[in-house]
Amino acid sequence: MPCISGGEAGRMEMHLKIRQVWSFSLYLCACIAVCESFRYLVPEEEKRGSLVANVLKDLRVDAKELSARRARLVSKSSKQYFQLDPHSGDVTVKDKIDRESLCGQNEPCILLSEIVLEKPLQLHRIEVEIEDVNDNAPKFSKNQFLLEIPEQTPVDIRFPLESAEDPDIGENAVQNYTLSPNEHFRLDVQSHSDGTNYAELVLEKPLDREVNPQISLILSAVDGGIPKRTGTAQIIIDVLDNNDNLPQFPQPEYKVKLKENSPLDTLVTKVEATDRDLGSNAHITYSFSQVPENVVRSFKLNKYSGELTTAGTIDYEENTNYKINIRATDGGGLSAYCKVIVEIEDENDNAPEITITSITSPLPEDSPPDTVVALFSVTDVDSGDSGRTACTTEVNLPFVLKPTENNYYQLVTQQQLDREQASEYNITITATDRGSPRLTSTRILHVQISDVNDNPPVFEKPFYQMQLRENNIPGLLINSVHAVDLDTAQNAKVTYSLLPGKVNDGPTSSYISINSETGNLYAIRSLDYEEVQDFQVTVRAVDSGSPPLSSEVPIRVQVVDENDNAPFILYPLQNGTSPSNDLVPRGAETGYLVTKVVAVDRDSAQNSWLSYQLLKATEPGLFTVGAQNGEVTTLRPVSNRDSFKQNLIVVVRDNGHPPQSTSATLRILLVDGFSDPYLKSVALPKEETAEEEDPSLTMYLIICLAAISSIFLISVVAFVVIKLQKREKFTGTYNSGANFPVGPDSQENCADPGAGSLSQAYNYEVCLAGGSLNSEFRFLRPLFPVFSVEPPNTQLNPRSSNDSEGVPSHAGESQNIIQARASLSEDAAPRSGAPGCIVNQATGANINCSQNDWLTYQ
């Protein structure tokens, strides 16, 4: 019986003893409930986390009460195979269970555990029966067995065969044996008293060594599981010459007792068989027959003397008995069999084992008396008195042991604690069994005395500054904060949280989060530097004391820009419509500014530094692009050999890593003048002409033309009146000069009037032929102060002739081709002729134009 050690009390009166007995009994009734036993069933080889049972209903408590009473599952074995969730009451598999390694052939296989509930203390016994599954196939000790049978052996003679071993039990164990078809033997399956099956080989037809000296058979062992598993072994039978006497044992069964932990080579027993034959047929040898592996591991048999001795450790806790089959074979190959049953006697070879179930450390110094400090159990796997234990502890300590049910003990306080006198205790628990000799084991419990919570957490820095690259992965670790609390245990456990705040009118929690235990800061979503450059949050650290203490620290997070934006072309627009055309006079010199590519980049710093590069051009050596400003200028003077239409592709690249780029397509037209009819009169392939026309541009230009016309209406009307007056004077001169027909098939020429000095003025004239109007206007800035007119058919400009030749002529076209030639002269002299008429500078002839075809701006 367990006992409690303490100081020896003096003699007391009888009524005082009775009062103490009643007080102790009432205490036990109040604190400890009677244990209830529950039994559950779980198959072996279940996965970790598999549900065994929910104990809420059996314990008659709810989940809240189960958690509040600190429910724990304590295994009675050395390994914890199950675990209890105190929040749900689910008992689940903690580790994979192999029934064969736990219980072997013992049935039922039960794992004992106890559920411990506190306030008040209750112990509930849990028995989990491990159900066998067919996870092992039958197996013979050897793959091949050799039998020697003399010829002329009488039929119906039986030859015992070694049984197959199957670690499974019940229906999953070996249920039947089968033999491959043959003409000499059949298989007879018998059952032992314990229900196990064994097979015997029965001779049905006499053997003739001269006809068949060796026979090979296949023995199969089949279990009863689903699916069935099979193990096979080969039986080779050597047919011997005639031997007519079998060996004989004096008794078929031997029973002996053996103490566990017997030394090696201890004689267990000696078996002896006799043979009435003479010579070699009477020479007998002994061997094991149909023995399991644990027998071969623990015993050995002298093949000549028949002495059975120990060969390994004999442990009562592993096997309480052994059944050994021994075969005696004479020189002629005849055999006889006997069985040796070895009963193992238990010895006190296992010391008591102390298992700590729970311990309260640190223990508050203001804990009242009878506070439970630790709960533990004492077990001894030995049997009889060797398994009975007693438990004691040291004297002169403010703690005392109190026994409970099922070999459990409580270590409780018996007086007030004072941390200033002792901040910790090392308590030695001693458990002793009652075997002979007595064995003892000790366990030291270390109990610390805790202080009150009087220190708030303190951060390592008063202010944190962190950096985070934009386009980060959501959930990326930014950095961490750490606060230290000088208290111990739970009072020093710090949790972190973010205080409410806003970032760009959004809550802080949508941008950043913090791990409450580690202080790691994580980005909730991907940030864009162009939207958020930096933001500030406040982190609070709170300890777990009572009352809790806290401190706060500000954190500034800077978003680091990355090169995630490609340059954007502002001019010229790249919106998928017809690209704008930039006009360049053919007389442009080197360095002439054609246009400028304007681009921006939303990134900052060097990621927004842009550089320009000419990637592709119709004439590679004609144009160049400023690397820094994007200005498109001529690299050499424009010549007549250069193609009329020039396409340029300009690449705008930023300075990021890796750099990003955007391309812009420019279309440049090389012209000799700036009039719209001139642009129409240049000979282009039919495909290019159709490609340049943009219907949407017509609408935009008409709107612009209407607006401009309303502004200049008055001046235009006055100018037309003057021109009409000049036309009346010009009519007579025209009739006497060259006649230029005007019609659908004719070309009209347009030139500058030669009247007046144009050294300091610009003169623009537009000549439009009837039926050739197109609502496409271009406004060109003049490059030279004076325009001079050349006849359309002159040979001075071969390019115009060539270009005109390239345009196919089609009869019946409704649109006239208008060709304008303009040459610039700084010192052009006035020419004679009527106002508003064209003067041919080469011949001096006047060319009549209708007043509807001329507009003059000075």
# chains A, B, ... in the order shown; residues from 1 in each chain; ligands from 1
$ residues_around --residues "Leu267 of chain A" --least-positions-apart "5" --cutoff "9 Å" --atoms "only C-alpha atoms" --output "list in words"
Glu307, Leu308, Thr309 and Thr310 of chain A
$ residues_around --residues "Asp433 of chain A" --least-positions-apart "2" --cutoff "10 Å" --atoms "only C-alpha atoms" --output "PyMOL selection string"
chain A and resi 2+348+350-352+378-380+382+385-391+431+435-441
$ closest_residue --among "A:Ile708, A:Leu246, A:Leu217, A:Leu593" --to "Ala328 of chain A" --atoms "only C-alpha atoms"
A:Leu246
$ closest_atom_pairs --of "segment 291-319 of chain A" --to "segment 162-178 of chain A" --cutoff "12 Å" --atoms "only C-alpha atoms" --output "Markdown table"
| residue | atom | partner | partner_atom | distance |
| --- | --- | --- | --- | --- |
| A:Val291 | CA | A:Glu162 | CA | 7.5 |
| A:Pro292 | CA | A:Glu165 | CA | 7.1 |
| A:Glu293 | CA | A:Glu165 | CA | 9.0 |
| A:Asn294 | CA | A:Glu165 | CA | 11.4 |
$ atom_distance --atom1 "atom CA of Glu183 of chain A" --atom2 "atom CA of Arg229 of chain A"
27.0 Å
$ select_by_dssp --residues "segment 18-225 of chain A" --states "strand (DSSP E)" --output "number ranges by chain"
A: 32-33, 37-43, 51-54, 72-75, 82-84, 90-93, 110-117, 121-131, 144-150, 158-160, 174-179, 185-191, 197-203, 214-223
$ closest_atom_pairs --of "segment 419-511 of chain A" --to "segment 364-377 of chain A" --cutoff "8 Å" --atoms "only C-alpha atoms" --output "CSV"
residue,atom,partner,partner_atom,distance
A:Arg419,CA,A:Glu365,CA,5.8
A:Ile449,CA,A:Pro364,CA,5.7
A:Ser450,CA,A:Pro364,CA,4.8
A:Asp451,CA,A:Pro364,CA,6.5
A:Val452,CA,A:Pro364,CA,7.8
$ write_last_selection --atoms "N, CA and C atoms" --output "compact mmCIF listing (two decimals), in the first residue's frame"
# COMPACT_ATOMS: atom_id res chain seq x y z
N ARG A 419 8.97 34.00 -1.61
CA ARG A 419 9.97 34.02 -2.68
C ARG A 419 11.27 34.67 -2.22
N ILE A 449 9.52 29.74 -7.95
CA ILE A 449 8.53 30.62 -7.35
C ILE A 449 8.52 31.91 -8.15
N SER A 450 7.35 32.26 -8.68
CA SER A 450 7.26 33.43 -9.56
C SER A 450 6.91 34.68 -8.79
N ASP A 451 7.26 35.82 -9.42
CA ASP A 451 6.98 37.13 -8.85
C ASP A 451 5.74 37.71 -9.50
N VAL A 452 5.28 38.90 -9.04
CA VAL A 452 4.14 39.56 -9.64
C VAL A 452 4.58 40.30 -10.90
